[in-house]
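Everything on this sheet refers to the single structure shown next.
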Amino acid sequence: MAQMSFCDSRPADLHKKEKRAPLRTWANACIPKERRPPADSDETRGGHCKAEPERRWVRTRLPVSAEDGIIMDYAEQQGAVPTGLCGREEVALLLCLRGLHSLQVLVPSLLHHEMEVTMEKLGLIYDKTYAWDIFSDMMRNQSQYTFPSAELPRPFTDSTRAILVDWLIQVHEVFHFSEETLYLAVHLLNRALRQIKVSISNLQLLGVVCLFLAGKKEECLLPEVSELCYLMENGYSKKQLLRMERRVLCELKFDLSHCPPLHFLLISASIARCSDKVVWMARYLLELSLLESQCVVFQPAELASAALCLARRVLQEPPTPEGETAWCIASSLNVCSEPTRQRIMQILAVAAARAEGQDTRASLIKFSTAETLHVSSHPALRSAPHLLGLHCPPTRAQMREGAM
Amino acid sequence: MAQDCGRQYERVAEIGGGAYGTVYKARDRQSGQFVALKSVRVQTDQDGLPLSTVREVALLRRLEQFDHPNVVKLMDVCATLRTDQETKVTLVFEHVDQDLKTYLNKAPAPGLPPERIRDLMHQLLHGLEFLHSHCVLHRDLKPENILVTSRGQVKLADFGLARIYSCHMALTPVVVTLWYRSPEVLLQASYATPVDIWSTGCIFAEMFRRKPLFCGDSEVDQLRKIFDVIGLPPEEEWPADVTLSRSIFIPVSPRPITKCVPEISQLGADLLKEMLTFDPLRRISALNALSHPYFQEG
């Protein structure tokens, strides 16, 4: 592999990049603008009434309890029957409230509403009537983005892969690519490593091609091939890079679809009304999962759920009734089994505690900026495994002491 | 190995020269199955395969995961380098012997029974609704690229290819049929999914007539033939910023559609009128067409 010396050539303003709207690439992924469905709102949307009353979660004494024993209900803030209601769902909701049926009847429509609002806010959908369909599609299809085994074909090892992914995280940042591009690139790499026979000397080339292809799928602005070669210290020629591109496309049969765990994370976090700090912490932990080979066997939604739970555990923010209730609602989306979640949380906790002592520090640096609320340098991360009843790995300083 | 498209598939016959290049019937040497090979040569510069090609083919691959019964299967894709500036992308589709054109020609004298037409239309719209819900346009729907299997199953072919081929198209001077083109395409206004509904309307009429509905020989002539039936649209429906002015057309009022398609039922005529609506925003969508009472009748 060519030298991974790219760290040194990082531009100084790397972390001062402008704020990007999250998930902007969903809109241009694959779908040229002119192909958007026309605004034939007459039939589909015309009937809907836009005016919606403000709502909030309140605790009530309904006889049905949700997860964690918290009892919840959905109430209109403005009291009895607001005048602005006219949509079918709203009417159904009111009927439910009047009859005070069980929450099981109520929660789906609540979730529906939350999902619509959230996905619209995140820019994942054009038309909120499809929110639930799209989310169900994501849930249904996500298992195809996992791998049966974490084992890598020889001669690759978990640590060579981790070094490569770490380098890709840096390159991805230099080009100001979106996070979806990074998740897609690593997913393509995971597939390519298993499907294409490459020598270890071509591993970096394979990695860069995966990032390049992910960029072609997700980004508006692409680096030139010569820039990519330069980043690899011209260890490979442009021709070699383009040949690898063709090879990867052919072997992966042009299938560049992915369902990034980040989308699940942002949807859950938004429905759960998580604080910015929790969200940044979860994003950091989720990014750490990219370096862990063992994480490829988990589904994107499982990884997202574990990252979010661990972030909350680590930060220990004082609970508020609204926050807890919202968390419960978001939890009902969860399909992750508790043992699986614990398992992932343990992996991430150990990775986070170890991060400082590792050579692969791209995410650690990336998430230490003011913009990301310095989450990666949060002191509680070092003892994160403790929270889950694990031993903490020794820090670098302790190791040095031990060696003396 | 995907790269060895040439070796894995043995060409059997030339199926046709579509607007975008020759299509071959071929046999998969491994499975013995017949496939349709469609190749397109794309310009590859120093940045490799063009972004649009990568995205479009990836989208076709994604659609494949849904395994829709009314959409032709994309079985394989491969890219081979021809010269430094050109890459050949070959799409391997399932092969279906018969298209709607031959199917209609083969139908005995009085034409297809109305129930058969209803079923074909339902399948056609079902496939179209699937494509449209995934933001894929066909853009060039016509009886030649609607396939009908021996068991009467409709499969849409050649969708989403327009963009992949677009860079290549200028190089192939073939006459592209205008007969199924919607007014907004003929006027070179902006267009979206309703273009396919227009084409579907034309094909719907053709299933009864067993000959095309509007056979123009130029853009203007095609529009004239359309207005002869649906009437010249009012000034306010005429799209802004198009080169063709409304004033060059003689004002005509709409004729009852049953004059052109006498065999059609009342509800069928009603659906057809909704499909052949000039204003794309008021034209019926595939989803709504599927729940039209025409499909409940009989």
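By order of appearance in the structure tokens: chains A, B, ..., then residues from 1 within every chain, and ligands from 1 in the order shown.
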
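With only C-alpha atoms taken into account, the protein and nucleic acid residues at most 9 Å from Ser377 (chain A) (excluding it and anything under 4 positions from it in its own chain) are Glu356, Leu364, Ile365, Phe367, Ser368, Leu381 and Arg382 of chain A.
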
Pull all heavy atoms from the residues just selected and write them as an mmCIF file, in the first residue's frame.
data_model
loop_
_atom_site.group_PDB
_atom_site.id
_atom_site.type_symbol
_atom_site.label_atom_id
_atom_site.label_comp_id
_atom_site.auth_asym_id
_atom_site.auth_seq_id
_atom_site.Cartn_x
_atom_site.Cartn_y
_atom_site.Cartn_z
ATOM 1 N N GLU A 356 -8.225 7.561 21.446
ATOM 2 C CA GLU A 356 -7.098 8.459 21.598
ATOM 3 C C GLU A 356 -5.759 7.758 21.468
ATOM 4 O O GLU A 356 -4.790 8.349 21.016
ATOM 5 C CB GLU A 356 -7.191 9.176 22.939
ATOM 6 C CG GLU A 356 -7.206 10.661 22.755
ATOM 7 C CD GLU A 356 -7.597 11.354 24.040
ATOM 8 O OE1 GLU A 356 -8.715 11.102 24.538
ATOM 9 O OE2 GLU A 356 -6.761 12.120 24.547
ATOM 10 N N LEU A 364 -11.806 11.043 15.452
ATOM 11 C CA LEU A 364 -11.547 11.713 16.719
ATOM 12 C C LEU A 364 -11.279 13.198 16.479
ATOM 13 O O LEU A 364 -11.819 14.068 17.163
ATOM 14 C CB LEU A 364 -10.352 11.057 17.399
ATOM 15 C CG LEU A 364 -10.002 11.594 18.776
ATOM 16 C CD1 LEU A 364 -10.762 10.832 19.841
ATOM 17 C CD2 LEU A 364 -8.510 11.520 19.050
ATOM 18 N N ILE A 365 -10.454 13.475 15.469
ATOM 19 C CA ILE A 365 -10.125 14.869 15.170
ATOM 20 C C ILE A 365 -11.332 15.579 14.574
ATOM 21 O O ILE A 365 -11.667 16.695 14.961
ATOM 22 C CB ILE A 365 -8.926 14.927 14.192
ATOM 23 C CG1 ILE A 365 -7.701 14.314 14.874
ATOM 24 C CG2 ILE A 365 -8.647 16.350 13.749
ATOM 25 C CD1 ILE A 365 -6.537 14.037 13.949
ATOM 26 N N PHE A 367 -14.435 15.131 15.015
ATOM 27 C CA PHE A 367 -15.504 15.449 15.963
ATOM 28 C C PHE A 367 -14.999 16.171 17.208
ATOM 29 O O PHE A 367 -15.658 16.157 18.245
ATOM 30 C CB PHE A 367 -16.254 14.173 16.365
ATOM 31 C CG PHE A 367 -17.171 13.669 15.280
ATOM 32 C CD1 PHE A 367 -16.727 12.738 14.357
ATOM 33 C CD2 PHE A 367 -18.469 14.154 15.168
ATOM 34 C CE1 PHE A 367 -17.563 12.280 13.350
ATOM 35 C CE2 PHE A 367 -19.308 13.708 14.170
ATOM 36 C CZ PHE A 367 -18.861 12.766 13.249
ATOM 37 N N SER A 368 -13.807 16.761 17.118
ATOM 38 C CA SER A 368 -13.309 17.492 18.279
ATOM 39 C C SER A 368 -13.471 18.997 18.090
ATOM 40 O O SER A 368 -13.071 19.782 18.941
ATOM 41 C CB SER A 368 -11.827 17.167 18.506
ATOM 42 O OG SER A 368 -11.087 17.639 17.401
ATOM 43 N N LEU A 381 -16.101 9.574 27.678
ATOM 44 C CA LEU A 381 -15.904 8.524 26.679
ATOM 45 C C LEU A 381 -14.839 7.524 27.114
ATOM 46 O O LEU A 381 -14.907 6.346 26.786
ATOM 47 C CB LEU A 381 -15.504 9.131 25.331
ATOM 48 C CG LEU A 381 -16.648 9.695 24.498
ATOM 49 C CD1 LEU A 381 -16.095 10.352 23.243
ATOM 50 C CD2 LEU A 381 -17.643 8.608 24.125
ATOM 51 N N ARG A 382 -13.864 8.043 27.857
ATOM 52 C CA ARG A 382 -12.752 7.175 28.228
ATOM 53 C C ARG A 382 -13.224 6.027 29.124
ATOM 54 O O ARG A 382 -12.673 4.940 29.093
ATOM 55 C CB ARG A 382 -11.666 7.999 28.930
ATOM 56 C CG ARG A 382 -10.318 7.844 28.255
ATOM 57 C CD ARG A 382 -9.349 8.887 28.736
ATOM 58 N NE ARG A 382 -9.594 10.178 28.123
ATOM 59 C CZ ARG A 382 -9.299 11.343 28.704
ATOM 60 N NH1 ARG A 382 -8.796 11.372 29.923
ATOM 61 N NH2 ARG A 382 -9.517 12.465 28.070
#

Item to check | Which of region 36-159 of chain B DSSP labels strand (DSSP E), written as a VMD selection string | outcome: chain B and resid 36 to 43 74 to 83 86 to 94 146 to 148 154 to 156

Next on the checklist: I need the helix (DSSP H, G or I) residues of region 97-290 of chain B per DSSP on the backbone, written as a PyMOL selection string.
Outcome noted: chain B and resi 100-106+114-133+143-145+161-169+183-186+194-209+219-230+235-237+246-248+257-259+266-275+286-290

Item to check | Spatial neighbours of Leu333 (chain A), max dist 12 Å, only C-alpha atoms, sep filter under 5 positions, as a list in words | outcome: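 Result of the neighbour search: Glu67, Val107, Pro108, Leu110, Leu111, His112, Glu114, Met115, Trp132, Phe135, Ser136, Met139, Phe264, Leu265, Ile267, Ser268, Ala269, Ile271, Ala272, Ala301, Glu302, Ala304, Ser305, Ala326, Trp327 and Cys328 of chain A.
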
Checklist entry - Which is closest to chain B among A:Asn202, A:Ser178, A:Ser226, A:Thr129, if we use only C-alpha atoms? => result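 Answer, going by the shortest atom-to-atom distance: A:Ser226.
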
Next on the checklist: I'd like to know which of B:Arg246, B:Arg118, B:Lys211, B:Arg41 is closest to Ser265 (chain B), using only C-alpha atoms.
Outcome noted: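 Between B:Arg246, B:Arg118, B:Lys211, B:Arg41, the residue approaching Ser265 (chain B) most closely is B:Arg118.
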
Item to check | Distance in Å - CA of Gln85 (chain B) versus CA of Val40 (chain B) | outcome: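 Between CA of Gln85 (chain B) and CA of Val40 (chain B) the gap is 13.4 Å.
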
Just need the residues of chain B within 8 Å of chain A, counting only C-alpha atoms, so spit them out as a JSON list (two decimals) with C-alpha atoms, in the first residue's frame.
[["chain", "number", "residue", "atom", "x", "y", "z"],
["B", 1, "MET", "CA", -17.22, -12.85, -14.69],
["B", 2, "ALA", "CA", -19.13, -9.74, -15.48],
["B", 3, "GLN", "CA", -16.31, -8.30, -17.50],
["B", 46, "GLN", "CA", -10.06, 11.56, -17.91],
["B", 47, "ASP", "CA", -12.66, 11.32, -15.14],
["B", 48, "GLY", "CA", -13.82, 7.86, -16.02],
["B", 49, "LEU", "CA", -17.38, 6.85, -16.63],
["B", 51, "LEU", "CA", -21.65, 10.58, -13.60],
["B", 54, "VAL", "CA", -23.16, 5.67, -13.28],
["B", 55, "ARG", "CA", -26.29, 7.08, -11.65],
["B", 56, "GLU", "CA", -28.73, 5.87, -14.27],
["B", 57, "VAL", "CA", -27.43, 2.35, -14.37],
["B", 58, "ALA", "CA", -27.30, 2.27, -10.57],
["B", 59, "LEU", "CA", -30.93, 3.36, -10.54],
["B", 61, "ARG", "CA", -30.09, -1.85, -10.66],
["B", 62, "ARG", "CA", -31.97, -0.53, -7.67],
["B", 76, "ASP", "CA", -26.37, -8.06, -15.80],
["B", 77, "VAL", "CA", -24.36, -4.97, -16.62],
["B", 78, "CYS", "CA", -20.80, -4.68, -17.74],
["B", 79, "ALA", "CA", -18.43, -2.05, -18.92],
["B", 80, "THR", "CA", -15.55, -2.68, -21.28],
["B", 132, "HIS", "CA", -43.02, 6.81, -11.72],
["B", 133, "SER", "CA", -43.09, 6.21, -7.98],
["B", 135, "CYS", "CA", -38.94, 8.85, -10.28],
["B", 136, "VAL", "CA", -38.09, 7.03, -13.47],
["B", 137, "LEU", "CA", -39.49, 8.28, -16.74],
["B", 190, "SER", "CA", -40.36, 21.02, -19.73],
["B", 191, "TYR", "CA", -41.75, 17.59, -19.10],
["B", 192, "ALA", "CA", -42.10, 14.93, -16.44],
["B", 193, "THR", "CA", -44.00, 11.73, -15.74],
["B", 194, "PRO", "CA", -47.17, 12.82, -17.59],
["B", 281, "LEU", "CA", -50.66, 18.93, -14.75],
["B", 282, "ARG", "CA", -54.28, 18.03, -15.35]]

Checklist entry - What is the CA of Phe249 (chain B)-CA of Leu232 (chain B) distance in Å, reported with one decimal? => result 7.6 Å

Item to check | Gln342 (chain A) environment, 12 Å, only C-alpha atoms, sequence neighbours closer than 3 positions dropped, as a list in words | outcome: Glu302, Leu303, Ser305, Ala306, Ala307, Leu308, Cys309, Leu310, Cys336, Ser337, Glu338, Pro339, Met345, Gln346, Ile347, Leu348, Ala349, Pro385, Leu387, Leu388, Gly389 and Leu390 of chain A

How would the residues just picked look written out with N, CA, C and O atoms as a short mmCIF file (atom, residue, chain, number, x, y, z; two decimals), in the first residue's frame?
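For reference, again_16.cif as written:
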data_model
loop_
_atom_site.label_atom_id
_atom_site.label_comp_id
_atom_site.auth_asym_id
_atom_site.auth_seq_id
_atom_site.Cartn_x
_atom_site.Cartn_y
_atom_site.Cartn_z
N GLU A 302 -29.84 -1.06 13.45
CA GLU A 302 -29.30 -1.54 14.72
C GLU A 302 -28.11 -0.71 15.15
O GLU A 302 -27.98 -0.32 16.32
N LEU A 303 -27.22 -0.42 14.19
CA LEU A 303 -26.05 0.39 14.50
C LEU A 303 -26.48 1.78 14.98
O LEU A 303 -25.95 2.31 15.96
N SER A 305 -29.31 2.68 16.31
CA SER A 305 -29.96 2.63 17.61
C SER A 305 -28.94 2.49 18.73
O SER A 305 -29.04 3.16 19.77
N ALA A 306 -27.93 1.66 18.52
CA ALA A 306 -26.90 1.48 19.54
C ALA A 306 -26.10 2.76 19.75
O ALA A 306 -25.81 3.15 20.88
N ALA A 307 -25.77 3.43 18.65
CA ALA A 307 -24.98 4.67 18.77
C ALA A 307 -25.75 5.71 19.56
O ALA A 307 -25.20 6.41 20.41
N LEU A 308 -27.05 5.79 19.28
CA LEU A 308 -27.86 6.79 19.96
C LEU A 308 -28.01 6.46 21.46
O LEU A 308 -27.89 7.33 22.32
N CYS A 309 -28.25 5.19 21.77
CA CYS A 309 -28.38 4.80 23.18
C CYS A 309 -27.09 5.07 23.94
O CYS A 309 -27.11 5.58 25.07
N LEU A 310 -25.98 4.70 23.30
CA LEU A 310 -24.70 4.90 23.98
C LEU A 310 -24.42 6.39 24.19
O LEU A 310 -23.92 6.79 25.26
N CYS A 336 -34.39 -3.38 17.01
CA CYS A 336 -33.14 -3.98 17.44
C CYS A 336 -33.38 -4.79 18.72
O CYS A 336 -33.99 -4.31 19.67
N SER A 337 -32.90 -6.01 18.74
CA SER A 337 -33.04 -6.80 19.96
C SER A 337 -32.06 -6.28 21.00
O SER A 337 -31.00 -5.76 20.66
N GLU A 338 -32.43 -6.41 22.25
CA GLU A 338 -31.60 -5.87 23.32
C GLU A 338 -30.18 -6.47 23.33
O GLU A 338 -29.21 -5.72 23.41
N PRO A 339 -30.04 -7.79 23.21
CA PRO A 339 -28.66 -8.33 23.19
C PRO A 339 -27.82 -7.77 22.05
O PRO A 339 -26.65 -7.46 22.23
N MET A 345 -23.19 -1.67 21.36
CA MET A 345 -22.79 -0.60 22.27
C MET A 345 -21.44 -0.91 22.89
O MET A 345 -20.60 -0.02 23.06
N GLN A 346 -21.23 -2.17 23.20
CA GLN A 346 -19.93 -2.55 23.78
C GLN A 346 -18.79 -2.30 22.79
O GLN A 346 -17.76 -1.74 23.14
N ILE A 347 -19.03 -2.70 21.55
CA ILE A 347 -17.99 -2.49 20.52
C ILE A 347 -17.67 -1.00 20.39
O ILE A 347 -16.51 -0.58 20.38
N LEU A 348 -18.74 -0.21 20.33
CA LEU A 348 -18.54 1.23 20.13
C LEU A 348 -17.90 1.87 21.36
O LEU A 348 -17.04 2.75 21.25
N ALA A 349 -18.31 1.42 22.55
CA ALA A 349 -17.76 1.99 23.78
C ALA A 349 -16.25 1.73 23.86
O ALA A 349 -15.47 2.62 24.18
N PRO A 385 -16.77 2.08 28.45
CA PRO A 385 -16.99 0.63 28.65
C PRO A 385 -17.47 0.32 30.06
O PRO A 385 -18.24 -0.62 30.27
N LEU A 387 -19.59 1.90 31.79
CA LEU A 387 -21.04 2.06 31.84
C LEU A 387 -21.73 0.77 31.46
O LEU A 387 -22.86 0.52 31.84
N LEU A 388 -21.06 -0.02 30.65
CA LEU A 388 -21.67 -1.26 30.18
C LEU A 388 -21.08 -2.46 30.90
O LEU A 388 -21.22 -3.60 30.45
N GLY A 389 -20.40 -2.19 31.99
CA GLY A 389 -19.85 -3.27 32.78
C GLY A 389 -18.64 -3.93 32.17
O GLY A 389 -18.36 -5.10 32.42
N LEU A 390 -17.90 -3.21 31.34
CA LEU A 390 -16.68 -3.77 30.74
C LEU A 390 -15.47 -3.08 31.34
O LEU A 390 -15.56 -2.00 31.91
#
